[in-house]
Each structure stands twice: as C-alpha cells, then as structure tokens.
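Shown here: structure.tsv, TSV, C-alpha atoms.
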chain	number	residue	atom	x	y	z
A	1	MET	CA	127.67	125.80	144.81
A	2	ALA	CA	124.60	124.64	146.79
A	3	ASP	CA	126.77	122.88	149.40
A	4	GLU	CA	128.75	126.07	150.09
A	5	LEU	CA	125.56	128.07	150.58
A	6	ASP	CA	124.22	125.48	153.02
A	7	GLN	CA	127.45	125.56	155.03
A	8	LEU	CA	127.35	129.35	155.24
A	9	LEU	CA	123.74	129.34	156.37
A	10	ASP	CA	124.52	126.73	159.00
A	11	GLU	CA	127.41	128.86	160.29
A	12	VAL	CA	125.21	131.95	160.47
A	13	GLU	CA	122.50	130.01	162.29
A	14	ARG	CA	124.95	128.62	164.85
A	15	ARG	CA	126.37	132.04	165.57
A	16	PHE	CA	122.97	133.69	165.91
A	17	CYS	CA	121.63	130.88	168.08
A	18	ARG	CA	124.65	131.17	170.47
A	19	MET	CA	124.06	134.76	171.32
A	20	PRO	CA	125.64	135.33	174.79
A	21	ASP	CA	123.82	137.00	177.63
A	22	ARG	CA	123.94	140.75	177.29
A	23	GLY	CA	124.49	140.97	181.09
A	24	ALA	CA	127.84	139.18	180.96
A	25	THR	CA	130.89	141.38	181.15
A	26	GLY	CA	132.19	142.14	177.69
A	27	GLY	CA	129.87	139.50	176.23
A	28	GLY	CA	127.62	141.95	174.37
A	29	GLN	CA	130.47	143.65	172.59
A	30	ASN	CA	132.18	140.41	171.59
A	31	GLY	CA	128.89	138.98	170.36
A	32	ASP	CA	128.21	142.05	168.29
A	33	ARG	CA	131.67	141.83	166.68
A	34	GLU	CA	131.24	138.16	165.89
A	35	ARG	CA	127.79	138.68	164.41
A	36	ALA	CA	129.00	141.58	162.27
A	37	ALA	CA	131.97	139.58	161.01
A	38	ALA	CA	129.77	136.58	160.21
A	39	GLU	CA	127.21	138.74	158.42
A	40	ASP	CA	129.99	140.43	156.44
A	41	ARG	CA	131.44	137.07	155.36
A	42	SER	CA	128.00	135.76	154.48
A	43	ALA	CA	127.18	138.82	152.43
A	44	LYS	CA	130.47	138.63	150.51
A	45	THR	CA	130.01	134.92	149.85
A	46	LEU	CA	126.44	135.39	148.71
A	47	MET	CA	127.46	138.26	146.46
A	48	GLY	CA	130.22	136.09	144.99
A	49	ALA	CA	127.76	133.26	144.43
A	50	GLY	CA	125.31	135.63	142.81
A	51	SER	CA	127.95	136.95	140.48
A	52	ASP	CA	128.92	133.41	139.52
A	53	GLU	CA	125.29	132.60	138.77
A	54	ASP	CA	125.02	135.76	136.66
A	55	ASP	CA	128.10	134.73	134.71
A	56	ILE	CA	126.64	131.28	134.10
A	57	ASP	CA	123.34	132.82	132.95
A	58	ASP	CA	125.21	135.13	130.58
A	59	ILE	CA	127.12	132.21	129.10
A	60	ILE	CA	123.89	130.20	128.63
A	61	ASP	CA	122.18	133.18	126.97
A	62	GLU	CA	125.13	133.67	124.62
A	63	ILE	CA	125.10	130.00	123.62
A	64	CYS	CA	121.34	130.11	123.01
A	65	ASN	CA	121.65	133.26	120.92
A	66	ASP	CA	124.44	131.72	118.82
A	67	SER	CA	122.40	128.55	118.29
A	68	SER	CA	119.29	130.44	117.22
A	69	SER	CA	121.22	132.64	114.82
A	70	PHE	CA	122.87	129.57	113.32
A	71	ALA	CA	119.48	127.91	112.84
A	72	ARG	CA	118.10	131.02	111.11
A	73	THR	CA	121.03	131.18	108.70
A	74	PRO	CA	121.05	128.08	106.44
A	75	LEU	CA	124.29	127.02	104.87
A	76	LYS	CA	124.66	127.73	101.19
A	77	LEU	CA	126.62	125.00	99.49
A	78	LYS	CA	128.31	125.89	96.28
A	79	SER	CA	128.16	123.44	93.43
A	80	ASN	CA	130.31	123.43	90.35
A	81	SER	CA	127.80	121.30	88.44
A	82	PRO	CA	125.55	123.20	86.01
A	83	SER	CA	121.97	123.79	87.11
A	84	VAL	CA	119.35	121.62	85.45
A	85	THR	CA	115.80	122.88	85.20
A	86	PRO	CA	112.90	120.41	85.45
A	87	GLY	CA	112.00	118.88	82.15
A	88	SER	CA	115.25	119.90	80.47
A	89	ASN	CA	116.38	116.29	80.09
A	90	SER	CA	113.09	115.26	78.53
A	91	THR	CA	113.30	118.24	76.17
A	92	VAL	CA	116.75	117.19	75.03
A	93	VAL	CA	115.59	113.63	74.45
A	94	GLN	CA	112.51	114.75	72.53
A	95	ALA	CA	114.65	117.03	70.40
A	96	HIS	CA	116.47	113.98	69.04
A	97	ARG	CA	113.29	112.09	68.09
A	98	LYS	CA	111.30	112.62	64.90
A	99	ARG	CA	108.04	111.41	63.40
A	100	CYS	CA	107.36	110.16	59.93
A	101	CYS	CA	105.48	112.60	57.72
A	102	PRO	CA	103.79	111.09	55.84
A	103	VAL	CA	103.68	107.56	57.30
A	104	TYR	CA	104.35	104.74	54.85
A	105	LEU	CA	103.67	101.01	54.93
A	106	GLY	CA	105.45	98.67	52.53
A	107	GLY	CA	106.68	95.20	51.64
A	108	SER	CA	109.89	93.59	52.88
A	109	SER	CA	111.89	95.20	50.08
A	110	SER	CA	111.00	98.71	51.29
A	111	PRO	CA	113.62	100.14	53.70
A	112	ASN	CA	112.55	101.14	57.20
A	113	GLY	CA	113.24	104.57	58.68
A	114	ILE	CA	111.86	108.08	58.98
A	115	GLY	CA	109.45	108.60	56.13
A	116	THR	CA	109.26	111.95	54.31
A	117	ASN	CA	108.00	113.15	50.95
A	118	ILE	CA	111.58	112.91	49.67
A	119	SER	CA	112.78	109.82	51.56
A	120	LYS	CA	109.90	107.35	51.29
A	121	ARG	CA	110.81	104.89	54.02
A	122	THR	CA	108.38	102.60	55.81
A	123	CYS	CA	107.72	103.30	59.48
A	124	ASP	CA	108.81	100.57	61.92
A	125	GLN	CA	107.75	102.53	65.04
A	126	LEU	CA	104.00	102.31	64.53
A	127	ARG	CA	101.57	102.41	67.43
A	128	CYS	CA	97.80	101.97	67.46
A	129	THR	CA	95.80	104.72	69.17
A	130	ALA	CA	92.73	102.45	69.40
A	131	CYS	CA	94.21	99.52	71.40
A	132	ASP	CA	97.39	101.30	72.53
A	133	PHE	CA	99.56	98.45	71.23
A	134	ARG	CA	102.79	98.64	69.29
A	135	VAL	CA	102.28	97.48	65.72
A	136	SER	CA	104.33	94.36	64.94
A	137	LEU	CA	105.60	93.66	61.45
A	138	PHE	CA	106.86	90.44	59.87
A	139	ASN	CA	108.89	90.46	56.67
A	140	ASP	CA	108.07	87.97	53.91
A	141	TYR	CA	104.76	86.99	55.48
A	142	ILE	CA	101.05	87.73	54.95
A	143	TRP	CA	98.04	86.98	57.12
A	144	ASP	CA	95.68	84.13	56.36
A	145	GLN	CA	92.23	85.24	55.21
A	146	SER	CA	90.64	83.49	58.22
A	147	CYS	CA	92.22	85.99	60.69
A	148	ASP	CA	89.72	87.90	62.80
A	149	TYR	CA	89.62	90.40	65.66
A	150	LEU	CA	89.52	87.75	68.42
A	151	PHE	CA	92.59	85.97	67.02
A	152	PHE	CA	94.76	89.07	67.38
A	153	ARG	CA	93.05	90.15	70.59
A	154	ASN	CA	93.97	86.86	72.27
A	155	ASN	CA	97.37	86.18	70.70
A	156	MET	CA	99.19	89.50	70.25
A	157	PRO	CA	102.11	89.92	70.57
A	158	GLU	CA	103.15	86.25	71.01
A	159	LEU	CA	104.79	85.18	67.76
A	160	SER	CA	104.50	81.47	68.57
A	161	LYS	CA	100.69	81.78	68.52
A	162	LEU	CA	100.55	84.20	65.59
A	163	ARG	CA	102.44	81.77	63.34
A	164	ALA	CA	99.32	79.62	63.15
A	165	LYS	CA	97.85	82.09	60.62
A	166	MET	CA	100.97	83.45	58.97
A	167	ILE	CA	101.64	82.50	55.33
A	168	LYS	CA	105.11	82.76	53.81
A	169	LYS	CA	105.26	85.17	50.86
A	170	LYS	CA	108.48	86.67	49.53
A	171	GLY	CA	108.52	90.47	49.32
A	172	SER	CA	105.43	91.00	51.47
A	173	ARG	CA	105.14	92.29	55.02
A	174	ALA	CA	102.49	91.44	57.63
A	175	TYR	CA	101.43	94.21	60.04
A	176	ALA	CA	99.27	93.75	63.14
A	177	CYS	CA	98.28	95.30	66.46
A	178	GLN	CA	95.69	93.92	68.87
A	179	CYS	CA	92.71	95.19	66.90
A	180	SER	CA	93.82	95.60	63.25
A	181	TRP	CA	96.01	93.78	60.72
A	182	ARG	CA	97.21	94.28	57.16
A	183	SER	CA	99.23	92.41	54.51
A	184	ILE	CA	101.25	94.86	52.39
A	185	ASP	CA	103.12	94.16	49.14
A	186	GLU	CA	104.17	97.64	47.98
A	187	LEU	CA	104.79	101.14	49.34
A	188	THR	CA	101.51	102.57	50.64
A	189	ASP	CA	100.64	105.89	52.29
A	190	LEU	CA	98.94	105.16	55.63
A	191	GLN	CA	96.48	108.00	55.03
A	192	ALA	CA	95.00	106.00	52.17
A	193	ASP	CA	93.58	103.49	54.70
A	194	GLN	CA	91.10	105.44	56.81
A	195	GLN	CA	90.18	102.44	58.99
A	196	LEU	CA	93.62	102.11	60.54
A	197	ARG	CA	94.35	104.09	63.71
A	198	TRP	CA	98.09	103.70	63.42
A	199	VAL	CA	100.52	106.57	64.00
A	200	CYS	CA	104.26	106.98	64.05
A	201	GLY	CA	105.59	106.56	67.60
A	202	LYS	CA	108.73	108.67	66.84
A	203	HIS	CA	112.17	107.52	65.77
A	204	ALA	CA	115.43	108.00	67.65
A	205	GLU	CA	118.06	109.64	65.47

Any chance you could put this one into structure tokens?
Amino acid sequence: MADELDQLLDEVERRFCRMPDRGATGGGQNGDRERAAAEDRSAKTLMGAGSDEDDIDDIIDEICNDSSSFARTPLKLKSNSPSVTPGSNSTVVQAHRKRCCPVYLGGSSSPNGIGTNISKRTCDQLRCTACDFRVSLFNDYIWDQSCDYLFFRNNMPELSKLRAKMIKKKGSRAYACQCSWRSIDELTDLQADQQLRWVCGKHAE
C-alpha cells in the first residue's frame, strides 16, 4: 500500500515538474490535459487507498469489540456432580462419631467401646486435656509404685521404655498419658477421679 502511494506521488511530481512553456504552440493545452488526467488518477487512487484503510480499521474495530465482549462474558461450565458446601464433609464425618457418656475405666475383662448408662463399656479413645496426649492402655498390667511424673514425661509413648515399670497382673489394666497414670482392676466411672483430666476422644461407628 505504501509503495503504491509513493509511486503515484513520484508520477505526479514528474508531471508537475515537466510543465512545458506556455508560449509553445499547443503546449499549454496539452500540459493542462495531462495535469488534469494525472490529478484525476491520483485522486481516484488516493480515494481507493483511503477506502481500503477504512475497511481495515473497521475490521480491526470489530475484532476488538468481539474480543472485549468475550472477555466480559465468562464461560459457565455445567457440572453433573452435586455441589458440596464447605464443611459438609467434616459434618458427615462428625455425624458418625460419638462420645462416651459417662466415661468408664476398667480391667482387662471389661469390654471396650462406647460407654453409656445402659452399655457400660470402657473407653479406649481417651485423651488428656492437660498434656494433650492420647491415653495408652495395657491389658493385664499395672504400674510399679515407684512410677513418677518424670518417668512418663520422658518415656511416653515408647512401650520399650515403659516396660521397665510395668508389672504383670491378670485382669488388670494400666492406663497412662504423659502426666498421669492409673492401674485399674474393675469398672470405674472416670468422674469419680477428679484429678484425671481425661476425656473421650470420640469413637468411629
């Protein structure tokens, strides 16, 4: 497009620069005809070029408008999967977990499970709210009388180290966290021992 315009301008310049002497016979009239014809061709070519540029501008504007409208309109993808609200999964999981009420401790002959007033089962999901440790239990064992706070603080929950102060006793059960310990022989309501900070950590059904 630019090359054609340059050629036309060069042609116009050559014709205007070669204007013949007006005194020559017939020269003025011929020169006027040639200049008029050249100007007419130049005008038509320039008009054609301008129209082409207008068409190109229109096309560019249309593309830009389509692109902007597409950007403003986000795609909505349909999904056949059911919508899940935040926290719904955790709610479902919690719905299938229960706590003991009341919480029972007991010897090795007492069955473990969810304790209730009707079904008096010993809780095996105990957790201490003081040291935030899970309470471990060992069937047919009791703790030696020499056990102290530092022993459990340093050795829980490694069984290999705890065995140093575990005594074998049939029917008993040894409980311990990192700050408290008990040796239980029979079914006992946890509320009866006010010093323990143990609670049921919920059972999965």

- Message: Could you list, as a PyMOL selection string, every residue within 12 Å of Ala174 (chain A), counting all atoms listed in the file and ignoring same-chain residues fewer than 4 positions away?
- Response: chain A and resi 105-108+124+135-144+162-163+165-170+180-186

- Query: Contacts of Val199 (chain A) at 7 Å or less, counting all atoms listed in the file, minus same-chain residues fewer than 5 places along, as a list in words?
  - Reply: Leu126, Arg127 and Cys128 of chain A

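Rounded to one decimal, CA of Ile118 (chain A) and CA of Gly201 (chain A) lie 19.9 Å from each other.
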
- note - CA of Cys131 (chain A) and CA of Asn117 (chain A) are separated by 28.2 Å

- Message: Residues within 8 Å of Lys98 (chain A), please, as a ChimeraX atom specification. Count all atoms listed in the file; anything in the same chain fewer than 6 positions from it doesn't count.
- Response: /A:114,202-205

- Distance criterion (only C-alpha atoms): nearest to Tyr175 (chain A) out of A:Pro157, A:Ser109, A:Arg99, A:Ala192: A:Pro157

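One distance worth recording is that between CA of Tyr104 (chain A) and CA of Thr129 (chain A), which is 16.7 Å.
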